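Structure data (mmCIF, C-alpha atoms) from structure_1.cif:
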```cif
data_run
loop_
_atom_site.group_PDB
_atom_site.id
_atom_site.type_symbol
_atom_site.label_atom_id
_atom_site.label_comp_id
_atom_site.auth_asym_id
_atom_site.auth_seq_id
_atom_site.Cartn_x
_atom_site.Cartn_y
_atom_site.Cartn_z
ATOM 1 C CA MET A 1 0.000 0.000 0.000
ATOM 2 C CA ARG A 2 1.535 3.279 -1.110
ATOM 3 C CA THR A 3 0.902 6.621 0.545
ATOM 4 C CA LYS A 4 -0.735 9.400 -1.450
ATOM 5 C CA GLN A 5 2.629 11.200 -1.584
ATOM 6 C CA GLU A 6 4.280 8.081 -3.006
ATOM 7 C CA LEU A 7 1.576 7.842 -5.675
ATOM 8 C CA TYR A 8 2.119 11.531 -6.483
ATOM 9 C CA GLN A 9 5.873 11.071 -6.895
ATOM 10 C CA ALA A 10 5.355 7.975 -9.064
ATOM 11 C CA ALA A 11 2.920 9.898 -11.271
ATOM 12 C CA LEU A 12 5.380 12.791 -11.628
ATOM 13 C CA ARG A 13 8.107 10.352 -12.694
ATOM 14 C CA THR A 14 5.804 9.002 -15.388
ATOM 15 C CA VAL A 15 4.991 12.515 -16.614
ATOM 16 C CA ALA A 16 8.695 13.445 -16.673
ATOM 17 C CA LEU A 17 9.483 10.314 -18.687
ATOM 18 C CA ARG A 18 6.724 11.198 -21.146
ATOM 19 C CA ARG A 19 8.192 14.673 -21.633
ATOM 20 C CA GLN A 20 11.710 13.332 -22.048
ATOM 21 C CA THR A 21 10.503 10.789 -24.621
ATOM 22 C CA ALA A 22 8.503 13.392 -26.562
ATOM 23 C CA ARG A 23 11.496 15.728 -26.762
ATOM 24 C CA ALA A 24 13.839 12.914 -27.788
ATOM 25 C CA ASN A 25 11.420 11.807 -30.522
ATOM 26 C CA ALA A 26 11.134 15.420 -31.735
ATOM 27 C CA GLU A 27 14.913 15.702 -31.936
ATOM 28 C CA ASP A 28 15.091 12.466 -33.940
ATOM 29 C CA ALA A 29 12.423 13.840 -36.289
ATOM 30 C CA ARG A 30 14.339 17.087 -36.670
ATOM 31 C CA LEU A 31 17.609 15.342 -37.547
ATOM 32 C CA GLU A 32 15.827 13.132 -40.073
ATOM 33 C CA ALA A 33 14.068 16.134 -41.644
ATOM 34 C CA GLU A 34 17.245 18.219 -41.801
ATOM 35 C CA ALA A 35 19.013 15.364 -43.612
ATOM 36 C CA ALA A 36 16.176 15.180 -46.154
ATOM 37 C CA ILE A 37 15.687 18.955 -46.602
ATOM 38 C CA PRO A 38 19.016 20.834 -47.087
ATOM 39 C CA ALA A 39 17.456 24.300 -46.571
ATOM 40 C CA LEU A 40 15.622 23.326 -43.385
ATOM 41 C CA ARG A 41 18.334 24.196 -40.856
ATOM 42 C CA HIS A 42 18.721 27.699 -42.293
ATOM 43 C CA ALA A 43 14.942 28.189 -42.164
ATOM 44 C CA GLU A 44 14.887 27.067 -38.504
ATOM 45 C CA ASP A 45 17.720 29.468 -37.665
ATOM 46 C CA GLU A 46 15.804 32.296 -39.312
ATOM 47 C CA VAL A 47 12.735 31.587 -37.173
ATOM 48 C CA ARG A 48 14.896 31.456 -34.063
ATOM 49 C CA VAL A 49 16.740 34.730 -34.817
ATOM 50 C CA ARG A 50 13.564 36.573 -35.837
ATOM 51 C CA GLY A 51 11.858 35.356 -32.672
ATOM 52 C CA ILE A 52 14.655 36.712 -30.495
ATOM 53 C CA ARG A 53 14.614 40.071 -32.270
ATOM 54 C CA CYS A 54 10.864 40.339 -31.852
ATOM 55 C CA ALA A 55 11.145 39.570 -28.133
ATOM 56 C CA LEU A 56 13.951 42.090 -27.650
ATOM 57 C CA ALA A 57 11.956 44.798 -29.408
ATOM 58 C CA GLY A 58 9.013 44.156 -27.111
ATOM 59 C CA ALA A 59 11.228 44.166 -24.017
ATOM 60 C CA ALA A 60 12.737 47.477 -25.062
ATOM 61 C CA GLY A 61 9.307 49.028 -25.597
ATOM 62 C CA LYS A 62 9.928 49.514 -29.339
ATOM 63 C CA ASP A 63 7.441 49.062 -32.173
ATOM 64 C CA ARG A 64 7.320 45.318 -32.908
ATOM 65 C CA THR A 65 5.439 45.585 -36.211
ATOM 66 C CA GLU A 66 8.464 45.082 -38.485
ATOM 67 C CA ALA A 67 10.029 42.378 -36.279
ATOM 68 C CA ALA A 68 6.729 40.505 -35.981
ATOM 69 C CA ALA A 69 6.217 40.603 -39.754
ATOM 70 C CA ALA A 70 9.722 39.207 -40.317
ATOM 71 C CA LEU A 71 9.053 36.431 -37.800
ATOM 72 C CA SER A 72 5.761 35.563 -39.492
ATOM 73 C CA LYS A 73 7.455 35.387 -42.895
ATOM 74 C CA ALA A 74 10.219 33.136 -41.531
ATOM 75 C CA ARG A 75 7.634 30.783 -40.050
ATOM 76 C CA GLN A 76 5.715 30.641 -43.313
ATOM 77 C CA GLU A 77 8.880 29.731 -45.213
ATOM 78 C CA LEU A 78 9.663 26.975 -42.701
ATOM 79 C CA THR A 79 6.111 25.611 -42.976
ATOM 80 C CA ALA A 80 6.340 25.684 -46.791
ATOM 81 C CA LEU A 81 9.580 23.671 -46.719
ATOM 82 C CA LEU A 82 7.998 21.055 -44.449
ATOM 83 C CA ALA A 83 4.828 20.904 -46.566
ATOM 84 C CA ALA A 84 6.859 20.425 -49.762
ATOM 85 C CA SER A 85 8.414 17.340 -48.167
ATOM 86 C CA GLY A 86 5.023 15.984 -47.102
ATOM 87 C CA ARG A 87 5.421 16.935 -43.443
ATOM 88 C CA PRO A 88 2.883 18.841 -41.280
ATOM 89 C CA ALA A 89 3.680 22.280 -39.883
ATOM 90 C CA ASP A 90 4.274 20.842 -36.385
ATOM 91 C CA ALA A 91 6.484 17.973 -37.588
ATOM 92 C CA LEU A 92 9.461 19.241 -35.584
ATOM 93 C CA GLU A 93 7.545 19.931 -32.383
ATOM 94 C CA PRO A 94 7.430 17.474 -29.428
ATOM 95 C CA LYS A 95 4.191 15.440 -29.284
ATOM 96 C CA PHE A 96 3.335 15.678 -25.592
ATOM 97 C CA THR A 97 0.823 13.236 -24.101
ATOM 98 C CA CYS A 98 -0.930 16.001 -22.155
ATOM 99 C CA LYS A 99 -1.686 19.073 -24.259
ATOM 100 C CA LEU A 100 -2.701 21.003 -21.155
ATOM 101 C CA CYS A 101 0.610 20.931 -19.255
ATOM 102 C CA GLN A 102 2.874 19.657 -22.058
ATOM 103 C CA ASP A 103 3.946 16.850 -19.731
ATOM 104 C CA THR A 104 5.341 19.163 -17.063
ATOM 105 C CA GLY A 105 2.748 18.038 -14.514
ATOM 106 C CA SER A 106 1.813 21.618 -13.649
ATOM 107 C CA VAL A 107 -0.547 24.277 -15.011
ATOM 108 C CA GLN A 108 -0.343 27.801 -13.628
ATOM 109 C CA GLY A 109 1.345 26.536 -10.483
ATOM 110 C CA ARG A 110 -1.223 23.788 -9.864
ATOM 111 C CA THR A 111 -0.957 20.052 -10.327
ATOM 112 C CA CYS A 112 -2.298 19.083 -13.742
ATOM 113 C CA THR A 113 -5.293 16.791 -14.090
ATOM 114 C CA CYS A 114 -3.091 14.294 -15.942
ATOM 115 C CA VAL A 115 -1.124 13.711 -12.730
ATOM 116 C CA HIS A 116 -4.330 13.038 -10.800
ATOM 117 C CA LYS A 117 -5.441 10.568 -13.491
ATOM 118 C CA LEU A 118 -2.136 8.756 -13.261
ATOM 119 C CA MET A 119 -2.480 8.581 -9.479
ATOM 120 C CA GLN A 120 -5.972 7.125 -9.885
ATOM 121 C CA GLY A 121 -4.626 4.541 -12.306
ATOM 122 C CA LEU A 122 -1.817 3.561 -9.951
ATOM 123 C CA ARG A 123 -4.216 3.216 -7.022
ATOM 124 C CA ARG A 124 -6.568 1.194 -9.203
ATOM 125 C CA GLU A 125 -3.743 -1.199 -10.124
ATOM 126 C CA GLU A 126 -2.833 -1.516 -6.449
ATOM 127 C CA ILE A 127 -6.413 -2.322 -5.418
ATOM 128 C CA GLU A 128 -6.754 -4.949 -8.147
ATOM 129 C CA ALA A 129 -3.445 -6.517 -7.100
ATOM 130 C CA LEU A 130 -4.542 -6.686 -3.453
ATOM 131 C CA SER A 131 -8.087 -7.925 -4.079
ATOM 132 C CA SER A 132 -9.301 -11.182 -5.563
ATOM 133 C CA LEU A 133 -11.346 -9.237 -8.133
ATOM 134 C CA SER A 134 -10.625 -6.518 -10.640
ATOM 135 C CA ILE A 135 -12.368 -3.195 -10.205
ATOM 136 C CA SER A 136 -15.507 -3.507 -12.284
ATOM 137 C CA SER A 137 -18.854 -1.737 -12.267
ATOM 138 C CA PHE A 138 -22.379 -2.223 -11.021
ATOM 139 C CA ASP A 139 -23.344 -3.127 -14.593
ATOM 140 C CA THR A 140 -21.506 -6.447 -14.213
ATOM 141 C CA MET A 141 -23.519 -7.401 -11.116
ATOM 142 C CA GLU A 142 -26.251 -9.478 -12.768
ATOM 143 C CA LEU A 143 -29.510 -9.651 -10.822
ATOM 144 C CA ARG A 144 -30.399 -12.973 -12.476
ATOM 145 C CA TYR A 145 -28.103 -14.715 -9.995
ATOM 146 C CA TYR A 146 -30.298 -13.612 -7.090
ATOM 147 C CA PRO A 147 -33.398 -15.820 -6.612
ATOM 148 C CA ASN A 148 -36.692 -14.320 -7.697
ATOM 149 C CA THR A 149 -38.470 -15.927 -4.761
ATOM 150 C CA MET A 150 -40.286 -14.313 -1.854
ATOM 151 C CA ASP A 151 -38.302 -13.851 1.328
ATOM 152 C CA GLU A 152 -40.477 -13.456 4.418
ATOM 153 C CA LYS A 153 -37.826 -11.605 6.413
ATOM 154 C CA LEU A 154 -37.218 -9.132 3.594
ATOM 155 C CA GLY A 155 -40.904 -8.833 2.773
ATOM 156 C CA GLU A 156 -40.210 -9.016 -0.962
ATOM 157 C CA PRO A 157 -38.449 -11.225 -3.531
ATOM 158 C CA VAL A 158 -34.679 -11.438 -3.030
ATOM 159 C CA ARG A 159 -34.013 -10.229 -6.574
ATOM 160 C CA THR A 160 -36.188 -7.162 -6.089
ATOM 161 C CA TYR A 161 -34.540 -6.397 -2.755
ATOM 162 C CA MET A 162 -31.002 -6.791 -4.140
ATOM 163 C CA GLY A 163 -31.854 -4.655 -7.157
ATOM 164 C CA GLY A 164 -32.871 -1.846 -4.821
ATOM 165 C CA LEU A 165 -29.800 -2.302 -2.616
ATOM 166 C CA LEU A 166 -27.395 -2.193 -5.568
ATOM 167 C CA GLU A 167 -29.121 0.944 -6.879
ATOM 168 C CA ASP A 168 -28.658 2.566 -3.473
ATOM 169 C CA LEU A 169 -24.975 1.594 -3.393
ATOM 170 C CA HIS A 170 -24.530 2.932 -6.919
ATOM 171 C CA SER A 171 -26.074 6.245 -5.847
ATOM 172 C CA TYR A 172 -23.829 6.273 -2.779
ATOM 173 C CA ALA A 173 -20.774 6.035 -5.038
ATOM 174 C CA GLU A 174 -21.996 8.696 -7.474
ATOM 175 C CA GLU A 175 -22.751 11.123 -4.641
ATOM 176 C CA PHE A 176 -19.692 10.263 -2.552
ATOM 177 C CA ASP A 177 -17.919 13.024 -0.648
ATOM 178 C CA HIS A 178 -16.234 13.435 2.724
ATOM 179 C CA ASN A 179 -19.654 13.654 4.362
ATOM 180 C CA SER A 180 -20.761 10.231 3.117
ATOM 181 C CA GLU A 181 -21.697 7.664 5.735
ATOM 182 C CA SER A 182 -19.757 4.505 6.515
ATOM 183 C CA LEU A 183 -21.269 1.247 5.306
ATOM 184 C CA MET A 184 -21.237 -2.340 6.526
ATOM 185 C CA LEU A 185 -21.909 -4.820 3.723
ATOM 186 C CA PHE A 186 -22.786 -8.088 5.425
ATOM 187 C CA GLY A 187 -24.252 -11.456 4.545
ATOM 188 C CA ASN A 188 -23.198 -14.974 3.615
ATOM 189 C CA ALA A 189 -20.185 -15.671 1.399
ATOM 190 C CA GLY A 190 -20.446 -15.335 -2.361
ATOM 191 C CA LEU A 191 -23.240 -12.759 -2.560
ATOM 192 C CA GLY A 192 -21.290 -9.910 -4.185
ATOM 193 C CA LYS A 193 -20.189 -7.839 -1.193
ATOM 194 C CA THR A 194 -16.594 -7.422 -2.365
ATOM 195 C CA HIS A 195 -17.742 -6.924 -5.955
ATOM 196 C CA ALA A 196 -20.057 -4.099 -4.868
ATOM 197 C CA ALA A 197 -17.350 -2.504 -2.706
ATOM 198 C CA LEU A 198 -14.920 -2.514 -5.636
ATOM 199 C CA ALA A 199 -17.587 -1.089 -7.946
ATOM 200 C CA ILE A 200 -17.973 1.775 -5.465
ATOM 201 C CA ALA A 201 -14.181 2.165 -5.419
ATOM 202 C CA GLY A 202 -14.055 2.522 -9.208
ATOM 203 C CA ILE A 203 -16.590 5.355 -9.239
ATOM 204 C CA VAL A 204 -15.093 7.140 -6.230
ATOM 205 C CA LEU A 205 -11.607 7.001 -7.778
ATOM 206 C CA GLN A 206 -12.980 8.676 -10.908
ATOM 207 C CA LYS A 207 -14.261 11.489 -8.681
ATOM 208 C CA ASP A 208 -10.615 12.166 -7.721
ATOM 209 C CA PHE A 209 -10.863 10.773 -4.189
ATOM 210 C CA ASP A 210 -8.159 8.481 -2.873
ATOM 211 C CA VAL A 211 -9.403 4.966 -2.120
ATOM 212 C CA ILE A 212 -7.517 2.384 -0.098
ATOM 213 C CA TYR A 213 -8.558 -1.259 -0.260
ATOM 214 C CA VAL A 214 -7.238 -3.753 2.300
ATOM 215 C CA SER A 215 -8.092 -7.341 3.090
ATOM 216 C CA SER A 216 -8.560 -7.536 6.841
ATOM 217 C CA PRO A 217 -6.374 -10.631 7.459
ATOM 218 C CA ASP A 218 -3.629 -9.383 5.112
ATOM 219 C CA PHE A 219 -3.589 -5.820 6.414
ATOM 220 C CA PHE A 220 -3.615 -6.578 10.116
ATOM 221 C CA GLY A 221 -1.210 -9.472 9.571
ATOM 222 C CA LYS A 222 1.193 -7.060 7.892
ATOM 223 C CA LEU A 223 0.821 -4.605 10.764
ATOM 224 C CA GLU A 224 1.551 -7.396 13.247
ATOM 225 C CA ASN A 225 4.650 -8.492 11.316
ATOM 226 C CA ALA A 226 5.864 -4.892 10.990
ATOM 227 C CA ARG A 227 6.382 -4.787 14.739
ATOM 228 C CA PHE A 228 9.262 -7.230 14.329
ATOM 229 C CA ASP A 229 10.429 -6.447 10.781
ATOM 230 C CA SER A 230 12.473 -3.287 10.259
ATOM 231 C CA SER A 231 11.648 -3.310 6.525
ATOM 232 C CA GLU A 232 7.997 -2.548 7.288
ATOM 233 C CA ASP A 233 6.627 0.570 8.944
ATOM 234 C CA ALA A 234 3.445 -0.193 10.896
ATOM 235 C CA GLU A 235 2.881 3.459 11.723
ATOM 236 C CA THR A 236 3.005 4.513 8.053
ATOM 237 C CA LEU A 237 0.644 1.699 7.012
ATOM 238 C CA LEU A 238 -1.848 2.609 9.712
ATOM 239 C CA ARG A 239 -1.575 6.332 9.008
ATOM 240 C CA THR A 240 -2.136 5.781 5.272
ATOM 241 C CA ALA A 241 -5.247 3.668 5.891
ATOM 242 C CA SER A 242 -6.505 6.144 8.497
ATOM 243 C CA ALA A 243 -6.183 9.138 6.157
ATOM 244 C CA ALA A 244 -7.699 7.700 2.956
ATOM 245 C CA ASP A 245 -10.759 9.500 1.578
ATOM 246 C CA LEU A 246 -12.430 6.089 1.485
ATOM 247 C CA LEU A 247 -11.160 2.931 3.194
ATOM 248 C CA ILE A 248 -12.511 -0.456 2.132
ATOM 249 C CA LEU A 249 -11.860 -3.117 4.768
ATOM 250 C CA ASP A 250 -12.708 -6.423 3.148
ATOM 251 C CA ASP A 251 -13.429 -9.792 4.807
ATOM 252 C CA LEU A 252 -13.647 -8.570 8.388
ATOM 253 C CA GLY A 253 -13.997 -11.635 10.589
ATOM 254 C CA THR A 254 -11.366 -13.762 8.850
ATOM 255 C CA GLU A 255 -8.351 -12.240 10.587
ATOM 256 C CA PHE A 256 -6.494 -13.703 13.568
ATOM 257 C CA VAL A 257 -7.655 -11.825 16.666
ATOM 258 C CA THR A 258 -4.908 -10.807 19.075
ATOM 259 C CA PRO A 259 -4.681 -8.054 21.697
ATOM 260 C CA TYR A 260 -2.549 -6.074 19.238
ATOM 261 C CA PHE A 261 -5.206 -6.478 16.527
ATOM 262 C CA ILE A 262 -7.949 -5.260 18.877
ATOM 263 C CA THR A 263 -5.915 -2.197 19.819
ATOM 264 C CA THR A 264 -4.976 -1.417 16.219
ATOM 265 C CA PHE A 265 -8.454 -1.993 14.811
ATOM 266 C CA TYR A 266 -10.003 0.250 17.450
ATOM 267 C CA SER A 267 -7.420 2.943 16.707
ATOM 268 C CA LEU A 268 -8.145 2.735 12.967
ATOM 269 C CA LEU A 269 -11.906 3.022 13.456
ATOM 270 C CA ASN A 270 -11.551 5.781 16.017
ATOM 271 C CA ASN A 271 -9.208 7.833 13.819
ATOM 272 C CA ARG A 272 -11.471 7.625 10.808
ATOM 273 C CA LEU A 273 -14.691 8.282 12.703
ATOM 274 C CA GLY A 274 -13.042 11.185 14.470
ATOM 275 C CA ALA A 275 -11.941 12.672 11.149
ATOM 276 C CA GLY A 276 -15.364 12.053 9.604
ATOM 277 C CA LEU A 277 -13.904 9.822 6.879
ATOM 278 C CA PRO A 278 -16.156 7.111 5.381
ATOM 279 C CA THR A 279 -15.252 3.423 5.668
ATOM 280 C CA ILE A 280 -16.799 0.421 3.949
ATOM 281 C CA VAL A 281 -16.538 -2.914 5.755
ATOM 282 C CA THR A 282 -17.506 -6.252 4.225
ATOM 283 C CA THR A 283 -18.095 -9.223 6.505
ATOM 284 C CA ASN A 284 -19.849 -12.575 6.674
ATOM 285 C CA ILE A 285 -20.779 -11.879 10.301
ATOM 286 C CA ALA A 286 -24.443 -10.930 10.398
ATOM 287 C CA ASP A 287 -25.053 -11.136 14.159
ATOM 288 C CA GLY A 288 -24.253 -8.008 16.173
ATOM 289 C CA SER A 289 -23.744 -10.048 19.320
ATOM 290 C CA LEU A 290 -21.067 -12.088 17.539
ATOM 291 C CA LEU A 291 -19.317 -8.876 16.505
ATOM 292 C CA GLU A 292 -19.258 -7.708 20.106
ATOM 293 C CA LYS A 293 -18.059 -11.087 21.340
ATOM 294 C CA ARG A 294 -15.254 -11.185 18.778
ATOM 295 C CA TYR A 295 -14.154 -7.551 18.817
ATOM 296 C CA THR A 296 -15.179 -6.130 22.220
ATOM 297 C CA GLU A 297 -18.035 -3.792 23.044
ATOM 298 C CA LYS A 298 -16.069 -0.632 22.175
ATOM 299 C CA ILE A 299 -15.336 -1.794 18.622
ATOM 300 C CA SER A 300 -18.843 -3.163 18.172
ATOM 301 C CA SER A 301 -20.182 0.223 19.245
ATOM 302 C CA ARG A 302 -18.103 1.957 16.561
ATOM 303 C CA LEU A 303 -19.266 -0.505 13.909
ATOM 304 C CA SER A 304 -22.894 -0.041 14.934
ATOM 305 C CA SER A 305 -22.715 3.506 13.579
ATOM 306 C CA PHE A 306 -22.147 2.103 10.057
ATOM 307 C CA VAL A 307 -25.182 1.868 7.770
ATOM 308 C CA PRO A 308 -26.053 -1.859 7.550
ATOM 309 C CA CYS A 309 -26.435 -3.295 4.034
ATOM 310 C CA LEU A 310 -27.636 -6.908 4.048
ATOM 311 C CA PHE A 311 -26.722 -9.036 1.036
ATOM 312 C CA ALA A 312 -29.201 -11.878 0.516
ATOM 313 C CA GLY A 313 -29.487 -14.827 -1.846
ATOM 314 C CA GLU A 314 -27.428 -17.893 -2.739
ATOM 315 C CA ASP A 315 -23.692 -18.278 -3.353
ATOM 316 C CA ILE A 316 -23.233 -16.648 -6.769
ATOM 317 C CA ARG A 317 -19.792 -18.162 -7.265
ATOM 318 C CA GLY A 318 -21.321 -21.629 -6.973
ATOM 319 C CA LEU A 319 -24.059 -20.741 -9.452
ATOM 320 C CA LYS A 320 -21.550 -19.393 -11.966
ATOM 321 C CA ALA A 321 -19.352 -22.470 -11.574
ATOM 322 C CA ALA A 322 -22.361 -24.701 -12.317
ATOM 323 C CA GLU A 323 -23.128 -22.913 -15.589
#
```
How does this structure look as structure tokens?
Amino acid sequence: MRTKQELYQAALRTVALRRQTARANAEDARLEAEAAIPALRHAEDEVRVRGIRCALAGAAGKDRTEAAAALSKARQELTALLAASGRPADALEPKFTCKLCQDTGSVQGRTCTCVHKLMQGLRREEIEALSSLSISSFDTMELRYYPNTMDEKLGEPVRTYMGGLLEDLHSYAEEFDHNSESLMLFGNAGLGKTHAALAIAGIVLQKDFDVIYVSSPDFFGKLENARFDSSEDAETLLRTASAADLLILDDLGTEFVTPYFITTFYSLLNNRLGAGLPTIVTTNIADGSLLEKRYTEKISSRLSSFVPCLFAGEDIRGLKAAE
């Protein structure tokens, strides 16, 4: 799990490489064109000299009319030479990936949107590497896998109920901001809880929020190991998870419970609730009394503030495997 600053630095390195590549390709194109067009270098020098003279005239407060006309003529002659050889007017210019910042990563002193998009892509790759599923969308959650039979406890057919729940979760993602509530997606295994959480993650990432996904046993196991391994930094891991715009804690209830886990889990929940940051938890534990028994009353109390989202139906993975 990388911190937001680490993602930012990685994105900047990518942008810098893009700029370097674009400039190198432009230089190769220039050398190739100059070899094919004998008069090209002189025409380029004329544009350069006329440009300098025009700038100097402006800086000195002189009339730039004559200098500007000479510069325009030099540019036209250069364009004509390129056109005669079948090349476009911008054939010698670098082809930057981002037209907005020209692969500098900054526009008017602010981070360019291309850097944010790269950060989103890097976080997306990280989430997909850490989860058992790729980030998909709600469109891939097919209601046909949920039984169209009446459920007395729900008071309606399971398929109808799940259709409404998935619509609500979709709306949650579309409207997500720092004031969004925390959710607990619970129910038996194989009902789409992780799939739905990752679908939310995909939409929230596109809204330029930072999303951290962790598997409960993997994350807390790594924190436990970091106490005895100098190569890992438990404090940084916990701080990164605590500060994410949205934290998805998957498979709660499958981790190994230790006193250290209880302390760390409580600290994570407390930090995020205190900062008003939304968290999504997925778990197979549907009984609140079991949560309290497993995680203590204080943790259970924190989790009780999450909006409960019951997933109902039959194991979808089994149904898909039988097809």
Counting only C-alpha atoms, what are the residues of segment 201-248 of chain A within 8 Å of segment 108-124 of chain A, and for each of them which pair of atoms is the nearest and at what distance in Å, to one decimal? Sort the table by chain and rising number, as JSON lines.
```
{"residue": "A:Gly202", "atom": "CA", "partner": "A:Arg124", "partner_atom": "CA", "distance": 7.6}
{"residue": "A:Leu205", "atom": "CA", "partner": "A:Gln120", "partner_atom": "CA", "distance": 6.0}
{"residue": "A:Gln206", "atom": "CA", "partner": "A:Gln120", "partner_atom": "CA", "distance": 7.3}
{"residue": "A:Asp208", "atom": "CA", "partner": "A:His116", "partner_atom": "CA", "distance": 7.1}
{"residue": "A:Asp210", "atom": "CA", "partner": "A:Gln120", "partner_atom": "CA", "distance": 7.5}
{"residue": "A:Val211", "atom": "CA", "partner": "A:Arg123", "partner_atom": "CA", "distance": 7.3}
{"residue": "A:Ile212", "atom": "CA", "partner": "A:Arg123", "partner_atom": "CA", "distance": 7.7}
```
Residue neighbourhood Ala16 of chain A, 8 Å, only C-alpha atoms, exclusion window fewer than 3 positions, as a list in words: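 Counting only C-alpha atoms, the residues come to Leu12, Arg13, Arg19, Gln20, Asp103, Thr104 and Gly105 of chain A.
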Explicit residues for the PyMOL selection byres ((chain A and resi 166-177) around 7) (as a PyMOL selection string): chain A and resi 138+162-165+178-180+200+203-204
What do you get, as a PDB file with C-alpha atoms, in the frame of the given file, if you spell out every residue that the PyMOL selection byres ((chain A and resi 158) around 12) selects here?
```pdb
ATOM      1  CA  LEU A 143     -29.510  -9.651 -10.822  1.00  0.00           C
ATOM      2  CA  ARG A 144     -30.399 -12.973 -12.476  1.00  0.00           C
ATOM      3  CA  TYR A 145     -28.103 -14.715  -9.995  1.00  0.00           C
ATOM      4  CA  TYR A 146     -30.298 -13.612  -7.090  1.00  0.00           C
ATOM      5  CA  PRO A 147     -33.398 -15.820  -6.612  1.00  0.00           C
ATOM      6  CA  ASN A 148     -36.692 -14.320  -7.697  1.00  0.00           C
ATOM      7  CA  THR A 149     -38.470 -15.927  -4.761  1.00  0.00           C
ATOM      8  CA  MET A 150     -40.286 -14.313  -1.854  1.00  0.00           C
ATOM      9  CA  ASP A 151     -38.302 -13.851   1.328  1.00  0.00           C
ATOM     10  CA  GLU A 152     -40.477 -13.456   4.418  1.00  0.00           C
ATOM     11  CA  LYS A 153     -37.826 -11.605   6.413  1.00  0.00           C
ATOM     12  CA  LEU A 154     -37.218  -9.132   3.594  1.00  0.00           C
ATOM     13  CA  GLY A 155     -40.904  -8.833   2.773  1.00  0.00           C
ATOM     14  CA  GLU A 156     -40.210  -9.016  -0.962  1.00  0.00           C
ATOM     15  CA  PRO A 157     -38.449 -11.225  -3.531  1.00  0.00           C
ATOM     16  CA  ARG A 159     -34.013 -10.229  -6.574  1.00  0.00           C
ATOM     17  CA  THR A 160     -36.188  -7.162  -6.089  1.00  0.00           C
ATOM     18  CA  TYR A 161     -34.540  -6.397  -2.755  1.00  0.00           C
ATOM     19  CA  MET A 162     -31.002  -6.791  -4.140  1.00  0.00           C
ATOM     20  CA  GLY A 163     -31.854  -4.655  -7.157  1.00  0.00           C
ATOM     21  CA  GLY A 164     -32.871  -1.846  -4.821  1.00  0.00           C
ATOM     22  CA  LEU A 165     -29.800  -2.302  -2.616  1.00  0.00           C
ATOM     23  CA  LEU A 191     -23.240 -12.759  -2.560  1.00  0.00           C
ATOM     24  CA  LEU A 310     -27.636  -6.908   4.048  1.00  0.00           C
ATOM     25  CA  PHE A 311     -26.722  -9.036   1.036  1.00  0.00           C
ATOM     26  CA  ALA A 312     -29.201 -11.878   0.516  1.00  0.00           C
ATOM     27  CA  GLY A 313     -29.487 -14.827  -1.846  1.00  0.00           C
ATOM     28  CA  GLU A 314     -27.428 -17.893  -2.739  1.00  0.00           C
TER      29      GLU A 314
END
```
Could you name the residues that touch Ser182 of chain A at 10 Å or less, counting only C-alpha atoms, but leaving out those on the same chain fewer than 6 positions away, as a list of chain:residue names? A:Leu246, A:Leu247, A:Ile248, A:Arg272, A:Leu273, A:Gly276, A:Leu277, A:Pro278, A:Thr279, A:Ile280, A:Val281, A:Leu303, A:Ser305, A:Phe306, A:Val307, A:Pro308
Just to be explicit: take each residue in the selection above, keep C-alpha atoms, and write the result as a PDB file, keeping the file's coordinate frame.
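Listed below is the output, result-v7.pdb:
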```
ATOM      1  CA  LEU A 246     -12.430   6.089   1.485  1.00  0.00           C
ATOM      2  CA  LEU A 247     -11.160   2.931   3.194  1.00  0.00           C
ATOM      3  CA  ILE A 248     -12.511  -0.456   2.132  1.00  0.00           C
ATOM      4  CA  ARG A 272     -11.471   7.625  10.808  1.00  0.00           C
ATOM      5  CA  LEU A 273     -14.691   8.282  12.703  1.00  0.00           C
ATOM      6  CA  GLY A 276     -15.364  12.053   9.604  1.00  0.00           C
ATOM      7  CA  LEU A 277     -13.904   9.822   6.879  1.00  0.00           C
ATOM      8  CA  PRO A 278     -16.156   7.111   5.381  1.00  0.00           C
ATOM      9  CA  THR A 279     -15.252   3.423   5.668  1.00  0.00           C
ATOM     10  CA  ILE A 280     -16.799   0.421   3.949  1.00  0.00           C
ATOM     11  CA  VAL A 281     -16.538  -2.914   5.755  1.00  0.00           C
ATOM     12  CA  LEU A 303     -19.266  -0.505  13.909  1.00  0.00           C
ATOM     13  CA  SER A 305     -22.715   3.506  13.579  1.00  0.00           C
ATOM     14  CA  PHE A 306     -22.147   2.103  10.057  1.00  0.00           C
ATOM     15  CA  VAL A 307     -25.182   1.868   7.770  1.00  0.00           C
ATOM     16  CA  PRO A 308     -26.053  -1.859   7.550  1.00  0.00           C
TER      17      PRO A 308
END
```
For Ser267 of chain A, the nearest of the candidates A:Ser242, A:Thr97, A:Thr3, A:Ser216, counting all atoms listed in the file: A:Ser242
Which residues match the PyMOL selection byres ((chain A and resi 249) around 12) in the file above, as number ranges by chain? A: 127, 130-131, 182-185, 193-194, 197-198, 201, 211-220, 241-242, 244, 246-248, 250-255, 265, 268-269, 278-283
Mind checking which residues fall within 10 Å of Lys95 of chain A, counting only C-alpha atoms, ignoring those fewer than 6 positions away in the same chain, and posting them as a ChimeraX atom specification? /A:18-19,21-23,25-26,102-103
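Going from atom CA of Ser137 of chain A to atom CA of Met1 of chain A covers 22.6 Å.
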Using only C-alpha atoms: which of A:Cys309, A:Cys54, A:Ala234, A:Ala84 has the shortest distance to Ala196 of chain A: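 Closest to Ala196 of chain A of all the choices is A:Cys309.
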Quick one: pull the distance between atom CA of Ala29 of chain A and atom CA of Asp45 of chain A, Å, one decimal.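 Atom CA of Asp45 of chain A lies at a distance of 16.6 Å from atom CA of Ala29 of chain A.
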